[in-house]
Amino acid sequence: MKIYQSKKYLLRILLSISVLTVIFLIGSSATLFYTSRNSVVEMQKEYNEATLAQINYNINSMEEIAKNMVSALFWDVQLKPLMSNQEVFVFDLTHKLRRMETIVNSTSFLDSIIIYNGYSDQIFAGGNSALKSQSSESTQHMLQFLRNSDAVQKMKFIPMKLKEKSTGIDVFSYVMYDSLGKYKPDEGALVLNIKPEWLFNNIKLINGLGLKKEGSIMLVNSEGQILYTNERSDLNRAGFQDLFSGSVRENKSNGYMIQRVGDQKQIISYSKLVIPNWYIVSAQPYDAVIHNIDQIRKTTIGLTVLFLVLSIIAAVFVSRRLYRPIDRLMSQIQNNQFGIGDQAAKDELAYLSEVYSTVVDNLHDMRKMQRDNRDIIDSYHIRQLLTGSMALSHEQFIGIIRSNQMNIQENGSYIVVVIAIDNLRKISQLLQPSQMKLFHFAILNIAEELIGNRYCCVGAELRSDHLAFLVSAEHDLEDTIELLKEKVLLVQETVQRYYKITISAAISESIFHFSDIFKQYHQAQQIMMYKLIYGRNALLTLESVEENMRNMSEPLLPELEKRLVEGIKSDDAMLLEDTLDKLIRHIAACNYDQIMTGITQIPVIIRQTLKEINQNRVQPIDIDINKVSLSMLEMDTLEDIHRQLWQSLHDITQQKRSGLVDRNDILVETIKEIVKQNYGDINLSLQSIAGMMKLSADYVGRLFRKNELISVADYISEVRLGVARELLEHKNHSVYEIMDQAGFANQSYFFKLFKKKIGCTPGEYRLKKSIGR
């Protein structure tokens, strides 16, 4: 057992095989038992129906015989007068009675033949001696029967008792009369009395031959009363009567059911007889029918248990055979010290899965390390070619290409392409270093693939701010630069489409000796500097920036410098804008070093000018020129620098003008405060306000309208209307009281103004607000 405790997967295999075997055996045995039981019950049902059909057939045959016989005797010329003549001669009577006696004696199933004369209300009988006397009990019972038209049924077996003390049926009467409709009491009739023993003996014979000793075939009426059954039946009669009468009430002439009668389950089949309201019923105890099936079930259970024990033994053997490869694999892992964690805490497959995952992860890490190391080595050699080619011999150059399998021609023309991400500083602040590396990696792959479709190309990240690519082509290839520009443009479009960023590129001249590669790299870097002029997503070549590189003129012209100072001091926005445009255009035509000098000098000029202006101001102009200067140095393009300088100059002019603006704002706010404090004064007006402020009314009115775009009088009316609305909503004062409190002296003017501004009268306004609440 210790083996299975340590080898959990082996135990799982063993339990799985055992459980599946148990489920299969139990399922098969249960299916076999239930199928057999249902088959036996179905066979018993078919047998019972066949038995009842045979009895019904025998009764129908007897009915056919009786029908033929009664028809022949009814129309017999010798016997007919006994039914229809009013007077019967004694000599003829004796002869006819002897004939009837002879017929009865020659027919074993006949008890008697009776001829009823309706005229004389007497019967003439042959056979049963009890019927030969007119005064006998049997004769009187028969006469009473024939006098009852409801009891007499034409050519039907009618059970009859001829004596009061009879416990069963004495005869089955089969009646024939002349009328087509219902029997008339004064009508003559012929009656065949058939012995009941022929039917009972038939049932008794079938009971003895065909049925199990616990079962029985019975005669039952429609109320469920048992009229005849064999002596061995132990059926609960009260329970059967209730069950059977319920089935008959459903108007079923034939039926089959398995029901509990009393304390015993019974299989019951029944069929209606030609005898009115009589049924032949077969009842079989359910347990007796399936007794043999129970024996089969016990045998099956024993065989199942035996087979189960054998299957468990086989499962142990099979599971150990199936487990053997896993056992060997576990031994190899443990011997080679690949194990991880506590193996006892999990089954073997889980342990192997964990070991496999760990090994795969380690393998991936190793491969990633190899790729990273390979990328580092490849990048190192590309840097070596770009920055140190002048120190390499031809053999070393070829050796680097071959040993690293670089996509570079050993002989041909070489071009260096430098690519940089625009707005790099801003993007770097938003992204993690790892994300920036992904951007560089993507650009590197896109460029190598697109340029590599036409040329041999390798690239590397030289610094964190740019990528460099070494492109080689055939010696005799014409228009190399132009064709390469198309490829680089495609790279720019692809990066922008997929990554929503722009890149700028600089292409060096082509050279034909590998030792000059480092010069071309330096040239491409210098060309890239002029992205400051051409802006983002630029594609630069030596041809496009060559004129700038040769221009060594001063970046700032004295006359432009003077105009800039004048514009700042005079607050002349147009002069400032024009001067700044000319300065930027002049700087853009210079060498890169001169451009940077000019960019740094402009903030210095602005700072000195502000210093002079602030000496004569009570409130100095607060512009941080140092911050502006630093932000300009971080910008990618002259366009951005131009925008920043213009914003700074605009802020300076706004602050210079704000002194006057602030004074006007103070005057306007003072006027508003006066109106809000004195709106209830009916004499409040522009003149009274100007008098309070010791200013002329024209000046106050013009200043207020200029700032607020509304006259003082209209503003006073708006304030008063606002007060009136507030009082109408929240106070219960009359409209006239509210008008007075709001400062309106003229009632007509108040109503007219309220209607014009609000759209309704004061009373209507109050009503609307009260309904709204």
# chains A, B, ... in the order shown; residues from 1 in each chain; ligands from 1
call {"tool": "residues_around", "arguments": {"residues": "Ile123 (chain A)", "least_positions_apart": "6", "cutoff": "9 Å", "atoms": "only C-alpha atoms", "output": "ChimeraX atom specification"}}
result
/A:82-83,114-117,131-132,134,139,142-143
call {"tool": "residues_around", "arguments": {"residues": "Ile511 (chain A)", "least_positions_apart": "4", "cutoff": "7 Å", "atoms": "only C-alpha atoms", "output": "MDAnalysis selection string"}}
result
chainID A and resid 413:415 516
call {"tool": "select_by_dssp", "arguments": {"residues": "region 464-636 of chain A", "states": "strand (DSSP E)", "output": "PyMOL selection string"}}
result
chain A and resi 466-473+503-507+539-541
call {"tool": "write_last_selection", "arguments": {"atoms": "N, CA, C and O atoms", "output": "compact mmCIF listing (two decimals), in the first residue's frame"}}
result
# COMPACT_ATOMS: atom_id res chain seq x y z
N HIS A 466 18.92 58.27 -31.46
CA HIS A 466 18.83 57.99 -32.90
C HIS A 466 19.32 56.58 -33.23
O HIS A 466 20.02 55.94 -32.44
N LEU A 467 18.91 56.13 -34.43
CA LEU A 467 19.35 54.86 -35.01
C LEU A 467 20.20 55.17 -36.23
O LEU A 467 19.97 56.18 -36.91
N ALA A 468 21.17 54.29 -36.50
CA ALA A 468 22.02 54.48 -37.68
C ALA A 468 22.00 53.21 -38.52
O ALA A 468 21.99 52.09 -37.98
N PHE A 469 21.98 53.38 -39.86
CA PHE A 469 21.91 52.26 -40.79
C PHE A 469 23.05 52.40 -41.80
O PHE A 469 23.28 53.50 -42.34
N LEU A 470 23.72 51.30 -42.03
CA LEU A 470 24.77 51.25 -43.05
C LEU A 470 24.20 50.55 -44.26
O LEU A 470 23.78 49.39 -44.19
N VAL A 471 24.12 51.30 -45.39
CA VAL A 471 23.52 50.79 -46.61
C VAL A 471 24.62 50.65 -47.65
O VAL A 471 25.45 51.56 -47.84
N SER A 472 24.62 49.49 -48.35
CA SER A 472 25.64 49.27 -49.40
C SER A 472 24.96 48.94 -50.71
O SER A 472 23.88 48.33 -50.74
N ALA A 473 25.60 49.39 -51.83
CA ALA A 473 25.05 49.16 -53.16
C ALA A 473 26.18 48.86 -54.12
O ALA A 473 27.37 48.98 -53.79
N ILE A 503 9.04 60.31 -37.59
CA ILE A 503 10.50 60.19 -37.50
C ILE A 503 11.12 61.05 -38.59
O ILE A 503 10.53 61.26 -39.66
N SER A 504 12.30 61.55 -38.31
CA SER A 504 13.06 62.30 -39.31
C SER A 504 14.30 61.50 -39.68
O SER A 504 14.80 60.70 -38.87
N ALA A 505 14.78 61.69 -40.92
CA ALA A 505 15.91 60.90 -41.40
C ALA A 505 16.91 61.81 -42.13
O ALA A 505 16.52 62.80 -42.77
N ALA A 506 18.18 61.45 -42.00
CA ALA A 506 19.27 62.16 -42.69
C ALA A 506 20.09 61.14 -43.46
O ALA A 506 20.46 60.09 -42.91
N ILE A 507 20.38 61.44 -44.73
CA ILE A 507 21.12 60.52 -45.61
C ILE A 507 22.45 61.17 -45.98
O ILE A 507 22.49 62.31 -46.47
N LEU A 539 13.05 64.64 -44.28
CA LEU A 539 14.00 63.73 -44.93
C LEU A 539 15.11 64.62 -45.52
O LEU A 539 14.90 65.36 -46.48
N LEU A 540 16.29 64.57 -44.91
CA LEU A 540 17.36 65.50 -45.22
C LEU A 540 18.51 64.80 -45.93
O LEU A 540 18.85 63.66 -45.61
N THR A 541 19.09 65.54 -46.88
CA THR A 541 20.31 65.08 -47.56
C THR A 541 21.32 66.23 -47.52
O THR A 541 20.97 67.37 -47.17
call {"tool": "closest_residue", "arguments": {"among": "A:Ile517, A:Leu767, A:Ile290, A:Val22", "to": "Glu729 (chain A)", "atoms": "only C-alpha atoms"}}
result
A:Leu767
call {"tool": "closest_residue", "arguments": {"among": "A:Thr229, A:Gln601, A:Gln644, A:Gln741", "to": "Asn202 (chain A)", "atoms": "only C-alpha atoms"}}
result
A:Thr229
call {"tool": "closest_atom_pairs", "arguments": {"of": "region 37-137 of chain A", "to": "region 29-33 of chain A", "cutoff": "12 Å", "atoms": "only C-alpha atoms", "output": "CSV"}}
result
residue,atom,partner,partner_atom,distance
A:Arg37,CA,A:Phe33,CA,6.0
A:Asn38,CA,A:Phe33,CA,8.6
A:Ser39,CA,A:Phe33,CA,9.8
A:Val40,CA,A:Phe33,CA,10.5
call {"tool": "write_last_selection", "arguments": {"atoms": "C-alpha atoms", "output": "mmCIF file, in the first residue's frame"}}
result
data_model
loop_
_atom_site.group_PDB
_atom_site.id
_atom_site.type_symbol
_atom_site.label_atom_id
_atom_site.label_comp_id
_atom_site.auth_asym_id
_atom_site.auth_seq_id
_atom_site.Cartn_x
_atom_site.Cartn_y
_atom_site.Cartn_z
ATOM 1 C CA ARG A 37 -38.064 -8.475 -16.017
ATOM 2 C CA ASN A 38 -39.905 -6.353 -18.567
ATOM 3 C CA SER A 39 -39.661 -9.162 -21.121
ATOM 4 C CA VAL A 40 -41.118 -11.715 -18.675
#
call {"tool": "atom_distance", "arguments": {"atom1": "CA of Asn548 (chain A)", "atom2": "CA of Ile587 (chain A)"}}
result
9.9 Å
call {"tool": "closest_residue", "arguments": {"among": "A:Ser734, A:Ser711, A:Asn48, A:Asn362", "to": "Gly255 (chain A)", "atoms": "only C-alpha atoms"}}
result
A:Asn48
call {"tool": "select_by_dssp", "arguments": {"residues": "region 398-469 of chain A", "states": "helix (DSSP H, G or I)", "output": "ChimeraX atom specification"}}
result
/A:398-403,424-430,433-452
call {"tool": "write_last_selection", "arguments": {"atoms": "C-alpha atoms", "output": "PDB file, in the first residue's frame"}}
result
ATOM      1  CA  ILE A 398      35.634  41.573 -44.302  1.00  0.00           C
ATOM      2  CA  GLY A 399      36.117  39.390 -41.194  1.00  0.00           C
ATOM      3  CA  ILE A 400      33.498  41.364 -39.233  1.00  0.00           C
ATOM      4  CA  ILE A 401      31.002  41.080 -42.100  1.00  0.00           C
ATOM      5  CA  ARG A 402      31.526  37.347 -42.567  1.00  0.00           C
ATOM      6  CA  SER A 403      31.758  36.280 -38.920  1.00  0.00           C
ATOM      7  CA  LEU A 424      11.787  62.452 -28.408  1.00  0.00           C
ATOM      8  CA  ARG A 425      12.114  64.298 -25.092  1.00  0.00           C
ATOM      9  CA  LYS A 426       8.349  64.678 -24.696  1.00  0.00           C
ATOM     10  CA  ILE A 427       7.648  61.070 -25.681  1.00  0.00           C
ATOM     11  CA  SER A 428      10.352  59.813 -23.311  1.00  0.00           C
ATOM     12  CA  GLN A 429       8.625  61.560 -20.416  1.00  0.00           C
ATOM     13  CA  LEU A 430       5.355  59.752 -21.198  1.00  0.00           C
ATOM     14  CA  PRO A 433      12.502  53.111 -21.075  1.00  0.00           C
ATOM     15  CA  SER A 434      11.408  49.594 -22.034  1.00  0.00           C
ATOM     16  CA  GLN A 435       8.626  51.041 -24.209  1.00  0.00           C
ATOM     17  CA  MET A 436      11.078  53.394 -25.908  1.00  0.00           C
ATOM     18  CA  LYS A 437      13.293  50.403 -26.653  1.00  0.00           C
ATOM     19  CA  LEU A 438      10.309  48.711 -28.281  1.00  0.00           C
ATOM     20  CA  PHE A 439       9.798  51.761 -30.503  1.00  0.00           C
ATOM     21  CA  HIS A 440      13.465  51.685 -31.538  1.00  0.00           C
ATOM     22  CA  PHE A 441      13.287  47.938 -32.121  1.00  0.00           C
ATOM     23  CA  ALA A 442      10.198  48.314 -34.326  1.00  0.00           C
ATOM     24  CA  ILE A 443      11.737  51.150 -36.384  1.00  0.00           C
ATOM     25  CA  LEU A 444      14.946  49.126 -36.750  1.00  0.00           C
ATOM     26  CA  ASN A 445      13.077  46.090 -38.100  1.00  0.00           C
ATOM     27  CA  ILE A 446      10.827  48.128 -40.417  1.00  0.00           C
ATOM     28  CA  ALA A 447      13.774  50.046 -41.894  1.00  0.00           C
ATOM     29  CA  GLU A 448      15.947  46.940 -42.366  1.00  0.00           C
ATOM     30  CA  GLU A 449      13.070  45.121 -44.083  1.00  0.00           C
ATOM     31  CA  LEU A 450      11.940  47.953 -46.388  1.00  0.00           C
ATOM     32  CA  ILE A 451      15.435  49.224 -47.286  1.00  0.00           C
ATOM     33  CA  GLY A 452      16.726  45.652 -47.426  1.00  0.00           C
TER      34      GLY A 452
END
call {"tool": "residues_around", "arguments": {"residues": "Asp714 (chain A)", "least_positions_apart": "6", "cutoff": "12 Å", "atoms": "only C-alpha atoms", "output": "ChimeraX atom specification"}}
result
/A:672,675,685-686,701,704-705,708,720-721,753,757
call {"tool": "write_last_selection", "arguments": {"atoms": "N, CA and C atoms", "output": "compact mmCIF listing (two decimals), in the first residue's frame"}}
result
# COMPACT_ATOMS: atom_id res chain seq x y z
N LYS A 672 -20.76 98.99 -10.22
CA LYS A 672 -21.66 97.86 -9.97
C LYS A 672 -22.00 97.74 -8.49
N VAL A 675 -24.55 100.38 -7.51
CA VAL A 675 -25.90 100.03 -7.96
C VAL A 675 -26.51 98.95 -7.08
N SER A 685 -29.06 107.13 -10.42
CA SER A 685 -28.91 107.34 -11.86
C SER A 685 -27.44 107.49 -12.17
N LEU A 686 -27.14 107.65 -13.47
CA LEU A 686 -25.76 107.84 -13.92
C LEU A 686 -25.17 109.10 -13.26
N GLY A 701 -20.23 107.01 -18.01
CA GLY A 701 -21.12 106.27 -18.92
C GLY A 701 -20.36 105.62 -20.06
N PHE A 704 -18.22 102.63 -18.70
CA PHE A 704 -19.05 101.46 -18.34
C PHE A 704 -19.55 100.73 -19.59
N ARG A 705 -20.04 101.51 -20.58
CA ARG A 705 -20.54 100.87 -21.81
C ARG A 705 -19.43 100.15 -22.56
N GLU A 708 -18.75 96.88 -20.36
CA GLU A 708 -19.87 95.97 -20.10
C GLU A 708 -20.84 95.85 -21.27
N ARG A 720 -32.61 95.97 -10.64
CA ARG A 720 -33.92 96.11 -10.00
C ARG A 720 -34.89 95.00 -10.41
N LEU A 721 -34.85 94.63 -11.71
CA LEU A 721 -35.71 93.53 -12.17
C LEU A 721 -35.34 92.21 -11.47
N LEU A 753 -41.64 97.31 -18.48
CA LEU A 753 -40.29 96.76 -18.51
C LEU A 753 -40.29 95.28 -18.14
N LYS A 757 -38.93 92.30 -20.65
CA LYS A 757 -37.74 91.50 -20.32
C LYS A 757 -38.08 90.05 -19.96
call {"tool": "atom_distance", "arguments": {"atom1": "CA of Glu395 (chain A)", "atom2": "CA of Cys456 (chain A)"}}
result
19.6 Å
call {"tool": "residues_around", "arguments": {"residues": "Glu49 (chain A)", "least_positions_apart": "5", "cutoff": "12 Å", "atoms": "only C-alpha atoms", "output": "compact mmCIF listing (two decimals) with all heavy atoms, in the first residue's frame"}}
result
# COMPACT_ATOMS: atom_id res chain seq x y z
N GLU A 42 -44.01 -8.81 -20.08
CA GLU A 42 -44.66 -8.68 -21.37
C GLU A 42 -45.11 -10.04 -21.90
O GLU A 42 -46.21 -10.18 -22.46
CB GLU A 42 -43.69 -8.01 -22.36
CG GLU A 42 -44.29 -7.66 -23.70
CD GLU A 42 -45.38 -6.60 -23.60
OE1 GLU A 42 -45.35 -5.81 -22.63
OE2 GLU A 42 -46.26 -6.59 -24.49
N MET A 43 -44.27 -11.08 -21.71
CA MET A 43 -44.65 -12.44 -22.14
C MET A 43 -45.87 -12.93 -21.36
O MET A 43 -46.76 -13.57 -21.93
CB MET A 43 -43.46 -13.38 -21.94
CG MET A 43 -42.31 -13.15 -22.91
SD MET A 43 -40.85 -14.13 -22.51
CE MET A 43 -41.52 -15.78 -22.66
N GLN A 44 -45.89 -12.66 -20.03
CA GLN A 44 -47.04 -13.07 -19.22
C GLN A 44 -48.30 -12.38 -19.70
O GLN A 44 -49.38 -12.98 -19.76
CB GLN A 44 -46.77 -12.74 -17.76
CG GLN A 44 -47.85 -13.22 -16.81
CD GLN A 44 -47.97 -14.74 -16.79
OE1 GLN A 44 -46.95 -15.44 -16.73
NE2 GLN A 44 -49.19 -15.27 -16.88
N GLN A 54 -58.77 -17.62 -25.86
CA GLN A 54 -59.21 -19.00 -26.07
C GLN A 54 -60.54 -19.27 -25.38
O GLN A 54 -61.44 -19.89 -25.94
CB GLN A 54 -58.12 -19.96 -25.56
CG GLN A 54 -58.46 -21.43 -25.74
CD GLN A 54 -58.63 -21.81 -27.22
OE1 GLN A 54 -57.79 -21.45 -28.04
NE2 GLN A 54 -59.71 -22.51 -27.56
N ILE A 55 -60.65 -18.79 -24.13
CA ILE A 55 -61.91 -19.00 -23.39
C ILE A 55 -63.04 -18.27 -24.10
O ILE A 55 -64.15 -18.81 -24.26
CB ILE A 55 -61.74 -18.50 -21.94
CG1 ILE A 55 -60.74 -19.37 -21.19
CG2 ILE A 55 -63.08 -18.50 -21.22
CD1 ILE A 55 -60.39 -18.88 -19.82
N ASN A 56 -62.76 -17.04 -24.53
CA ASN A 56 -63.78 -16.28 -25.26
C ASN A 56 -64.19 -17.00 -26.54
O ASN A 56 -65.37 -17.02 -26.91
CB ASN A 56 -63.23 -14.89 -25.59
CG ASN A 56 -64.12 -13.80 -25.06
OD1 ASN A 56 -65.31 -13.98 -24.90
ND2 ASN A 56 -63.52 -12.65 -24.77
N TYR A 57 -63.18 -17.61 -27.17
CA TYR A 57 -63.48 -18.36 -28.39
C TYR A 57 -64.39 -19.54 -28.10
O TYR A 57 -65.35 -19.81 -28.83
CB TYR A 57 -62.17 -18.83 -29.03
CG TYR A 57 -62.38 -19.72 -30.24
CD1 TYR A 57 -62.74 -19.17 -31.47
CD2 TYR A 57 -62.24 -21.10 -30.14
CE1 TYR A 57 -62.95 -19.99 -32.57
CE2 TYR A 57 -62.44 -21.92 -31.23
CZ TYR A 57 -62.80 -21.37 -32.45
OH TYR A 57 -62.99 -22.18 -33.53
N ILE A 217 -58.03 -17.83 -13.12
CA ILE A 217 -58.92 -17.22 -14.10
C ILE A 217 -60.30 -17.17 -13.48
O ILE A 217 -60.77 -18.17 -12.92
CB ILE A 217 -58.93 -18.00 -15.43
CG1 ILE A 217 -57.55 -17.91 -16.08
CG2 ILE A 217 -60.00 -17.46 -16.36
CD1 ILE A 217 -57.46 -18.66 -17.37
N ASN A 254 -61.76 -4.62 -22.94
CA ASN A 254 -60.56 -5.42 -22.71
C ASN A 254 -59.54 -4.52 -22.01
O ASN A 254 -59.51 -3.31 -22.24
CB ASN A 254 -59.96 -5.95 -24.01
CG ASN A 254 -60.92 -6.87 -24.75
OD1 ASN A 254 -61.10 -8.01 -24.36
ND2 ASN A 254 -61.56 -6.36 -25.80
N GLY A 255 -58.67 -5.14 -21.21
CA GLY A 255 -57.69 -4.32 -20.53
C GLY A 255 -56.58 -5.12 -19.89
O GLY A 255 -56.65 -6.36 -19.79
N TYR A 256 -55.56 -4.37 -19.48
CA TYR A 256 -54.39 -4.97 -18.83
C TYR A 256 -53.83 -3.95 -17.84
O TYR A 256 -53.77 -2.75 -18.14
CB TYR A 256 -53.33 -5.31 -19.88
CG TYR A 256 -51.96 -5.63 -19.31
CD1 TYR A 256 -51.71 -6.90 -18.81
CD2 TYR A 256 -50.96 -4.67 -19.26
CE1 TYR A 256 -50.45 -7.21 -18.27
CE2 TYR A 256 -49.72 -4.97 -18.72
CZ TYR A 256 -49.47 -6.23 -18.22
OH TYR A 256 -48.25 -6.54 -17.69
N MET A 257 -53.47 -4.41 -16.65
CA MET A 257 -52.91 -3.50 -15.66
C MET A 257 -52.08 -4.27 -14.65
O MET A 257 -52.29 -5.47 -14.43
CB MET A 257 -54.03 -2.73 -14.95
CG MET A 257 -55.12 -3.59 -14.36
SD MET A 257 -56.47 -2.57 -13.72
CE MET A 257 -57.74 -3.84 -13.46
N ILE A 267 -50.75 -8.87 -11.68
CA ILE A 267 -50.83 -8.61 -13.12
C ILE A 267 -52.22 -9.05 -13.56
O ILE A 267 -52.54 -10.25 -13.49
CB ILE A 267 -49.75 -9.38 -13.88
CG1 ILE A 267 -48.35 -8.96 -13.39
CG2 ILE A 267 -49.87 -9.12 -15.38
CD1 ILE A 267 -47.24 -9.75 -14.02
N ILE A 268 -53.07 -8.14 -13.98
CA ILE A 268 -54.48 -8.43 -14.26
C ILE A 268 -54.76 -8.16 -15.73
O ILE A 268 -54.47 -7.09 -16.25
CB ILE A 268 -55.39 -7.57 -13.37
CG1 ILE A 268 -55.14 -7.88 -11.89
CG2 ILE A 268 -56.85 -7.79 -13.72
CD1 ILE A 268 -55.86 -6.97 -10.95
N SER A 269 -55.37 -9.19 -16.38
CA SER A 269 -55.85 -9.05 -17.76
C SER A 269 -57.32 -9.44 -17.75
O SER A 269 -57.72 -10.38 -17.05
CB SER A 269 -55.08 -9.96 -18.72
OG SER A 269 -53.71 -9.65 -18.70
N TYR A 270 -58.16 -8.74 -18.52
CA TYR A 270 -59.58 -9.07 -18.55
C TYR A 270 -60.13 -8.84 -19.94
O TYR A 270 -59.59 -8.06 -20.73
CB TYR A 270 -60.36 -8.25 -17.51
CG TYR A 270 -60.32 -6.77 -17.71
CD1 TYR A 270 -61.28 -6.11 -18.48
CD2 TYR A 270 -59.30 -6.00 -17.14
CE1 TYR A 270 -61.23 -4.75 -18.66
CE2 TYR A 270 -59.25 -4.63 -17.31
CZ TYR A 270 -60.22 -4.01 -18.07
OH TYR A 270 -60.18 -2.66 -18.24
N SER A 271 -61.27 -9.56 -20.22
CA SER A 271 -61.93 -9.45 -21.53
C SER A 271 -63.43 -9.65 -21.33
O SER A 271 -63.85 -10.50 -20.53
CB SER A 271 -61.37 -10.51 -22.50
OG SER A 271 -62.03 -10.45 -23.74
N LYS A 272 -64.24 -8.88 -22.03
CA LYS A 272 -65.69 -8.95 -21.90
C LYS A 272 -66.23 -10.15 -22.65
O LYS A 272 -65.79 -10.46 -23.76
CB LYS A 272 -66.31 -7.66 -22.43
CG LYS A 272 -67.79 -7.51 -22.09
CD LYS A 272 -68.29 -6.12 -22.48
CE LYS A 272 -69.72 -5.93 -22.04
NZ LYS A 272 -70.23 -4.59 -22.40
N ILE A 280 -64.26 -12.24 -18.28
CA ILE A 280 -63.28 -13.27 -17.92
C ILE A 280 -61.98 -12.55 -17.53
O ILE A 280 -61.50 -11.69 -18.24
CB ILE A 280 -63.05 -14.27 -19.09
CG1 ILE A 280 -62.11 -15.38 -18.66
CG2 ILE A 280 -62.54 -13.57 -20.33
CD1 ILE A 280 -62.74 -16.38 -17.76
N VAL A 281 -61.45 -12.86 -16.34
CA VAL A 281 -60.32 -12.14 -15.77
C VAL A 281 -59.22 -13.12 -15.40
O VAL A 281 -59.49 -14.17 -14.81
CB VAL A 281 -60.75 -11.33 -14.53
CG1 VAL A 281 -59.54 -10.59 -13.94
CG2 VAL A 281 -61.84 -10.34 -14.88
N SER A 282 -57.97 -12.75 -15.77
CA SER A 282 -56.79 -13.52 -15.34
C SER A 282 -56.00 -12.65 -14.36
O SER A 282 -55.68 -11.51 -14.65
CB SER A 282 -55.91 -13.86 -16.55
OG SER A 282 -54.67 -14.40 -16.12
N ALA A 283 -55.70 -13.21 -13.17
CA ALA A 283 -54.93 -12.49 -12.14
C ALA A 283 -53.71 -13.32 -11.78
O ALA A 283 -53.84 -14.50 -11.41
CB ALA A 283 -55.80 -12.23 -10.91
call {"tool": "atom_distance", "arguments": {"atom1": "CA of Thr480 (chain A)", "atom2": "CA of Ser510 (chain A)"}}
result
8.2 Å
call {"tool": "residues_around", "arguments": {"residues": "Tyr765 (chain A)", "least_positions_apart": "2", "cutoff": "10 Å", "atoms": "only C-alpha atoms", "output": "VMD selection string"}}
result
chain A and resid 725 728 to 729 754 to 755 758 to 763 767 to 770
call {"tool": "residues_around", "arguments": {"residues": "Arg454 (chain A)", "least_positions_apart": "5", "cutoff": "9 Å", "atoms": "only C-alpha atoms", "output": "list in words"}}
result
Ala473, Leu483, Leu484 and Lys487 of chain A
call {"tool": "write_last_selection", "arguments": {"atoms": "N, CA and C atoms", "output": "compact mmCIF listing (two decimals), in the first residue's frame"}}
result
# COMPACT_ATOMS: atom_id res chain seq x y z
N ALA A 473 25.60 49.39 -51.83
CA ALA A 473 25.05 49.16 -53.16
C ALA A 473 26.18 48.86 -54.12
N LEU A 483 16.91 56.77 -55.09
CA LEU A 483 16.18 55.52 -54.83
C LEU A 483 16.11 55.23 -53.33
N LEU A 484 17.20 55.54 -52.63
CA LEU A 484 17.20 55.31 -51.19
C LEU A 484 16.21 56.25 -50.48
N LYS A 487 12.80 54.73 -50.36
CA LYS A 487 12.68 53.68 -49.35
C LYS A 487 12.53 54.29 -47.95
call {"tool": "closest_residue", "arguments": {"among": "A:Met100, A:Ile527, A:Leu431, A:Met739", "to": "Phe124 (chain A)", "atoms": "only C-alpha atoms"}}
result
A:Met100
